[in-house]
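Structure data (PDB, C-alpha atoms) from data_24.pdb:
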ATOM      1  CA  MET G   1     -27.143   3.260 -18.802  1.00  0.00           C
ATOM      2  CA  SER G   2     -24.209   4.369 -16.717  1.00  0.00           C
ATOM      3  CA  HIS G   3     -21.586   2.078 -15.193  1.00  0.00           C
ATOM      4  CA  LEU G   4     -19.237   3.085 -12.404  1.00  0.00           C
ATOM      5  CA  LEU G   5     -16.053   1.086 -12.167  1.00  0.00           C
ATOM      6  CA  PRO G   6     -12.926   1.843 -10.110  1.00  0.00           C
ATOM      7  CA  SER G   7      -9.878   0.534 -11.966  1.00  0.00           C
ATOM      8  CA  GLN G   8      -6.711  -1.290 -10.982  1.00  0.00           C
ATOM      9  CA  ALA G   9      -4.497   0.776  -8.695  1.00  0.00           C
ATOM     10  CA  THR G  10      -0.715   0.936  -8.984  1.00  0.00           C
ATOM     11  CA  ALA G  11       1.553   2.427  -6.341  1.00  0.00           C
ATOM     12  CA  THR G  12       4.606   4.472  -7.235  1.00  0.00           C
ATOM     13  CA  MET G  13       6.924   2.282  -5.114  1.00  0.00           C
ATOM     14  CA  GLN G  14       7.651  -1.406  -4.544  1.00  0.00           C
ATOM     15  CA  TYR G  15       8.236  -1.512  -0.766  1.00  0.00           C
ATOM     16  CA  ALA G  16       6.985   0.742   2.010  1.00  0.00           C
ATOM     17  CA  ASN G  17       6.952   0.863   5.789  1.00  0.00           C
ATOM     18  CA  ASN G  18       4.814   2.820   8.237  1.00  0.00           C
ATOM     19  CA  GLU G  19       7.047   5.892   7.803  1.00  0.00           C
ATOM     20  CA  ALA G  20       6.455   6.091   4.043  1.00  0.00           C
ATOM     21  CA  THR G  21       3.951   8.294   2.262  1.00  0.00           C
ATOM     22  CA  ILE G  22       2.232   6.118  -0.339  1.00  0.00           C
ATOM     23  CA  THR G  23       0.433   7.659  -3.320  1.00  0.00           C
ATOM     24  CA  ILE G  24      -1.909   5.517  -5.395  1.00  0.00           C
ATOM     25  CA  PRO G  25      -3.738   6.792  -8.480  1.00  0.00           C
ATOM     26  CA  ILE G  26      -7.351   5.573  -8.702  1.00  0.00           C
ATOM     27  CA  ILE G  27      -9.445   5.969 -11.838  1.00  0.00           C
ATOM     28  CA  VAL G  28     -13.233   5.773 -11.695  1.00  0.00           C
ATOM     29  CA  THR G  29     -14.816   5.165 -15.104  1.00  0.00           C
ATOM     30  CA  ASP G  30     -18.370   6.337 -15.773  1.00  0.00           C
ATOM     31  CA  THR G  31     -19.782   5.548 -19.215  1.00  0.00           C
ATOM     32  CA  GLY G  32     -22.909   7.658 -18.640  1.00  0.00           C
ATOM     33  CA  GLN G  33     -23.511  11.280 -17.779  1.00  0.00           C
ATOM     34  CA  GLY G  34     -20.919  11.661 -15.018  1.00  0.00           C
ATOM     35  CA  PHE G  35     -21.125  11.911 -11.243  1.00  0.00           C
ATOM     36  CA  ASN G  36     -20.474  14.325  -8.428  1.00  0.00           C
ATOM     37  CA  THR G  37     -16.712  13.995  -7.881  1.00  0.00           C
ATOM     38  CA  SER G  38     -16.926  15.234  -4.280  1.00  0.00           C
ATOM     39  CA  SER G  39     -19.210  12.319  -3.323  1.00  0.00           C
ATOM     40  CA  PHE G  40     -16.293   9.825  -3.478  1.00  0.00           C
ATOM     41  CA  ILE G  41     -14.300  10.388  -0.262  1.00  0.00           C
ATOM     42  CA  SER G  42     -11.471   8.675   1.625  1.00  0.00           C
ATOM     43  CA  SER G  43     -13.830   6.967   4.104  1.00  0.00           C
ATOM     44  CA  ASP G  44     -15.304   5.066   1.118  1.00  0.00           C
ATOM     45  CA  ILE G  45     -11.986   3.238   0.827  1.00  0.00           C
ATOM     46  CA  GLU G  46     -10.973   0.440   3.184  1.00  0.00           C
ATOM     47  CA  VAL G  47      -7.232  -0.267   3.432  1.00  0.00           C
ATOM     48  CA  LEU G  48      -6.138  -3.891   3.785  1.00  0.00           C
ATOM     49  CA  VAL G  49      -2.785  -5.595   4.274  1.00  0.00           C
ATOM     50  CA  ASP G  50      -2.831  -9.323   3.506  1.00  0.00           C
ATOM     51  CA  ASN G  51      -6.663  -9.141   3.443  1.00  0.00           C
ATOM     52  CA  ASN G  52      -6.870  -7.699   6.979  1.00  0.00           C
ATOM     53  CA  THR G  53      -8.344  -4.236   7.506  1.00  0.00           C
ATOM     54  CA  VAL G  54      -5.796  -1.759   8.860  1.00  0.00           C
ATOM     55  CA  SER G  55      -6.018   1.886   9.895  1.00  0.00           C
ATOM     56  CA  PRO G  56      -3.293   4.103   8.444  1.00  0.00           C
ATOM     57  CA  GLU G  57      -2.318   7.169  10.472  1.00  0.00           C
ATOM     58  CA  SER G  58      -3.681   9.291   7.617  1.00  0.00           C
ATOM     59  CA  LYS G  59      -5.689   8.652   4.450  1.00  0.00           C
ATOM     60  CA  THR G  60      -6.698  11.351   1.956  1.00  0.00           C
ATOM     61  CA  LEU G  61      -8.414  11.139  -1.411  1.00  0.00           C
ATOM     62  CA  THR G  62      -7.924  14.007  -3.855  1.00  0.00           C
ATOM     63  CA  PHE G  63      -9.813  14.477  -7.114  1.00  0.00           C
ATOM     64  CA  ASN G  64      -7.439  15.542  -9.897  1.00  0.00           C
ATOM     65  CA  ASN G  65      -9.296  15.752 -13.217  1.00  0.00           C
ATOM     66  CA  VAL G  66     -11.626  14.187 -15.757  1.00  0.00           C
ATOM     67  CA  ASN G  67     -10.237  12.680 -18.940  1.00  0.00           C
ATOM     68  CA  GLY G  68     -13.096  11.454 -21.144  1.00  0.00           C
ATOM     69  CA  ASN G  69     -15.034   8.933 -19.037  1.00  0.00           C
ATOM     70  CA  ASN G  70     -12.187   8.602 -16.516  1.00  0.00           C
ATOM     71  CA  TYR G  71     -12.297  10.475 -13.210  1.00  0.00           C
ATOM     72  CA  ASN G  72      -8.766  10.609 -11.793  1.00  0.00           C
ATOM     73  CA  TYR G  73      -8.126  10.588  -8.049  1.00  0.00           C
ATOM     74  CA  VAL G  74      -5.015  10.159  -5.913  1.00  0.00           C
ATOM     75  CA  LEU G  75      -5.167   8.279  -2.627  1.00  0.00           C
ATOM     76  CA  THR G  76      -2.418   9.226  -0.165  1.00  0.00           C
ATOM     77  CA  LEU G  77      -1.646   6.945   2.770  1.00  0.00           C
ATOM     78  CA  TYR G  78       0.770   7.446   5.625  1.00  0.00           C
ATOM     79  CA  GLY G  79       1.565   5.146   8.543  1.00  0.00           C
ATOM     80  CA  VAL G  80       0.238   1.856   7.161  1.00  0.00           C
ATOM     81  CA  PRO G  81       0.693  -0.801   9.874  1.00  0.00           C
ATOM     82  CA  SER G  82       1.275  -4.569   9.506  1.00  0.00           C
ATOM     83  CA  ASP G  83       3.222  -6.581   6.915  1.00  0.00           C
ATOM     84  CA  GLY G  84       2.091  -7.912   3.544  1.00  0.00           C
ATOM     85  CA  VAL G  85       0.468  -6.985   0.234  1.00  0.00           C
ATOM     86  CA  LEU G  86      -1.561  -3.779   0.212  1.00  0.00           C
ATOM     87  CA  SER G  87      -5.058  -3.787  -1.255  1.00  0.00           C
ATOM     88  CA  LEU G  88      -7.975  -1.364  -1.239  1.00  0.00           C
ATOM     89  CA  MET G  89     -11.685  -2.044  -0.946  1.00  0.00           C
ATOM     90  CA  ILE G  90     -14.039   0.519  -2.493  1.00  0.00           C
ATOM     91  CA  LYS G  91     -17.226   0.179  -0.448  1.00  0.00           C
ATOM     92  CA  ASP G  92     -20.461  -0.897  -2.084  1.00  0.00           C
ATOM     93  CA  LYS G  93     -22.693   2.006  -3.228  1.00  0.00           C
ATOM     94  CA  SER G  94     -20.144   4.658  -2.266  1.00  0.00           C
ATOM     95  CA  ILE G  95     -19.967   6.182  -5.766  1.00  0.00           C
ATOM     96  CA  GLN G  96     -23.210   7.364  -7.354  1.00  0.00           C
ATOM     97  CA  ASP G  97     -23.636   8.810 -10.830  1.00  0.00           C
ATOM     98  CA  ASN G  98     -26.046  11.544 -11.889  1.00  0.00           C
ATOM     99  CA  PHE G  99     -28.781   8.951 -12.620  1.00  0.00           C
ATOM    100  CA  GLY G 100     -28.561   7.258  -9.215  1.00  0.00           C
ATOM    101  CA  ASN G 101     -26.544   4.220 -10.353  1.00  0.00           C
ATOM    102  CA  LYS G 102     -24.123   3.052  -7.672  1.00  0.00           C
ATOM    103  CA  ASN G 103     -20.919   1.057  -7.775  1.00  0.00           C
ATOM    104  CA  VAL G 104     -20.639  -2.474  -6.447  1.00  0.00           C
ATOM    105  CA  LEU G 105     -18.067  -3.568  -3.863  1.00  0.00           C
ATOM    106  CA  THR G 106     -14.702  -3.469  -5.636  1.00  0.00           C
ATOM    107  CA  GLU G 107     -11.314  -4.713  -4.482  1.00  0.00           C
ATOM    108  CA  LEU G 108      -8.252  -3.040  -5.960  1.00  0.00           C
ATOM    109  CA  ILE G 109      -5.109  -5.011  -5.342  1.00  0.00           C
ATOM    110  CA  VAL G 110      -2.008  -2.851  -5.283  1.00  0.00           C
ATOM    111  CA  SER G 111      -0.016  -5.821  -6.522  1.00  0.00           C
ATOM    112  CA  ASN G 112       3.326  -4.100  -6.794  1.00  0.00           C
ATOM    113  CA  LEU G 113       3.484  -2.813  -3.202  1.00  0.00           C
ATOM    114  CA  LEU G 114       4.613  -4.796  -0.176  1.00  0.00           C
ATOM    115  CA  ILE G 115       4.277  -3.260   3.286  1.00  0.00           C
ATOM    116  CA  ASP G 116       7.249  -4.223   5.468  1.00  0.00           C
ATOM    117  CA  ASN G 117       7.249  -2.978   9.066  1.00  0.00           C
ATOM    118  CA  THR G 118       9.240  -5.867  10.553  1.00  0.00           C
ATOM    119  CA  LYS G 119      12.494  -4.724  12.060  1.00  0.00           C
ATOM    120  CA  PRO G 120      15.476  -6.796  10.926  1.00  0.00           C
ATOM    121  CA  THR G 121      16.864  -9.469  13.204  1.00  0.00           C
ATOM    122  CA  ILE G 122      20.567 -10.097  13.534  1.00  0.00           C
ATOM    123  CA  SER G 123      22.160 -13.467  14.205  1.00  0.00           C
ATOM    124  CA  PHE G 124      25.786 -14.465  14.575  1.00  0.00           C
ATOM    125  CA  SER G 125      27.283 -17.647  13.164  1.00  0.00           C
ATOM    126  CA  GLN G 126      29.303 -18.267  16.297  1.00  0.00           C
ATOM    127  CA  THR G 127      29.356 -17.338  19.945  1.00  0.00           C
ATOM    128  CA  LEU G 128      31.338 -14.233  20.630  1.00  0.00           C
ATOM    129  CA  GLU G 129      33.617 -14.674  23.599  1.00  0.00           C
ATOM    130  CA  THR G 130      36.544 -12.738  24.856  1.00  0.00           C
ATOM    131  CA  GLN G 131      39.462 -13.628  22.660  1.00  0.00           C
ATOM    132  CA  TYR G 132      42.959 -12.359  22.606  1.00  0.00           C
ATOM    133  CA  ILE G 133      44.050 -11.513  19.137  1.00  0.00           C
ATOM    134  CA  SER G 134      47.540 -10.541  18.246  1.00  0.00           C
ATOM    135  CA  SER G 135      48.148  -7.841  15.700  1.00  0.00           C
ATOM    136  CA  ASN G 136      48.886 -10.352  12.947  1.00  0.00           C
ATOM    137  CA  SER G 137      46.063 -12.868  13.506  1.00  0.00           C
ATOM    138  CA  ASN G 138      42.761 -12.918  11.651  1.00  0.00           C
ATOM    139  CA  PHE G 139      39.340 -13.126  13.234  1.00  0.00           C
ATOM    140  CA  SER G 140      36.034 -13.007  11.396  1.00  0.00           C
ATOM    141  CA  VAL G 141      32.383 -13.201  12.321  1.00  0.00           C
ATOM    142  CA  ASP G 142      29.514 -13.898   9.922  1.00  0.00           C
ATOM    143  CA  ILE G 143      26.452 -11.735  10.613  1.00  0.00           C
ATOM    144  CA  THR G 144      23.099 -12.440   8.957  1.00  0.00           C
ATOM    145  CA  ILE G 145      20.382  -9.793   8.909  1.00  0.00           C
ATOM    146  CA  THR G 146      16.874 -10.947   7.959  1.00  0.00           C
ATOM    147  CA  ASP G 147      13.798  -8.775   7.426  1.00  0.00           C
ATOM    148  CA  TYR G 148      10.131  -9.424   6.551  1.00  0.00           C
ATOM    149  CA  THR G 149      10.654  -9.597   2.796  1.00  0.00           C
ATOM    150  CA  ALA G 150      13.011 -12.536   3.328  1.00  0.00           C
ATOM    151  CA  ARG G 151      15.978 -10.604   2.022  1.00  0.00           C
ATOM    152  CA  HIS G 152      19.162 -11.832   3.669  1.00  0.00           C
ATOM    153  CA  TYR G 153      22.296  -9.768   4.037  1.00  0.00           C
ATOM    154  CA  THR G 154      25.609 -11.224   5.092  1.00  0.00           C
TER     155      THR G 154
END

Could you quickly redo this structure as structure tokens?
Amino acid sequence: MSHLLPSQATATMQYANNEATITIPIIVTDTGQGFNTSSFISSDIEVLVDNNTVSPESKTLTFNNVNGNNYNYVLTLYGVPSDGVLSLMIKDKSIQDNFGNKNVLTELIVSNLLIDNTKPTISFSQTLETQYISSNSNFSVDITITDYTARHYT
């Protein structure tokens, strides 16, 4: 009996925004007699950010090679909207082996990749007003920049 199982996906980067090209290797394991590699296509993969379906500007799936029972693909995404953790949903019955066995709905969490499209905000620690400063007086302003990933820069 043949079993089709997409594996855990790992992105090549830790953070990305909608201007980044994201490549994610996906391995489909078939313990039987193989399957038609061209039957698994990009529309079989749903892209989610924080468990909400999103539509990247582009999504391509490329078959690379077979290594034993592992069928190696690369998913390339560009223009992923929203903010949060990226995950992929391989649709139910989208991969079929040579004996007619089909995969079950599979979620691949790309746990190491956070999508961050929030533009930073800037806040000042004090009100800036017109001030007259002589050449030997000091004046400083604290500026805090905050973005989606809760990184703070001062």

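The interatomic distance for the pair CA of Asn69 (chain G) and CA of Ser43 (chain G) works out to 23.3 Å.
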
Which neighbours of region 46-59 of chain G fall inside 6 Å, counting all atoms listed in the file, when residues of the same chain fewer than 2 positions from it are skipped, and could you give them as a PyMOL selection string?
chain G and resi 76-80+84-89

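The nearest approach to Asn67 (chain G) among the residues G:Ile95, G:Val28, G:Leu105, G:Ile45, with only C-alpha atoms taken into account, belongs to G:Val28.
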
Residues matched by the PyMOL selection byres ((chain G and resi 16) around 10), written as an MDAnalysis selection string
chainID G and resid 13:15 17:22 78:80 83 86 113:117

Between G:Thr23, G:Ser39, G:Asn112, G:Thr118, single out the one closest to Gln96 (chain G), counting only C-alpha atoms.
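With only C-alpha atoms as the atom set, the closest residue is G:Ser39.
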
Evaluate the PyMOL selection byres ((chain G and resi 97) around 10) and report residues as a PyMOL selection string:
chain G and resi 2-4+30-37+39+95-96+98-103

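Residues matched by the PyMOL selection byres ((chain G and resi 61) around 7) in this structure: Ile41, Ser42, Lys59, Thr60, Thr62, Phe63, Tyr73, Val74, Leu75 and Thr76 of chain G.
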
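Pairwise distance (CA of Phe40 (chain G), CA of Ile26 (chain G)) equals 11.2 Å.
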
What is the CA of Asn65 (chain G) to CA of Lys91 (chain G) distance in Å?
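CA of Lys91 (chain G) lies at a distance of 21.6 Å from CA of Asn65 (chain G).
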
Which of G:Ser94, G:Thr106, G:Ser82, G:Ser123 sits closest to Ser38 (chain G) [using only C-alpha atoms]
G:Ser94

Box centre and edge lengths (Å, one decimal), axis-aligned, region 103-113 of chain G plus 3 Å each side, as AutoDock Vina command-line options:
--center_x -8.7 --center_y -2.4 --center_z -5.5 --size_x 30.4 --size_y 12.9 --size_z 10.6
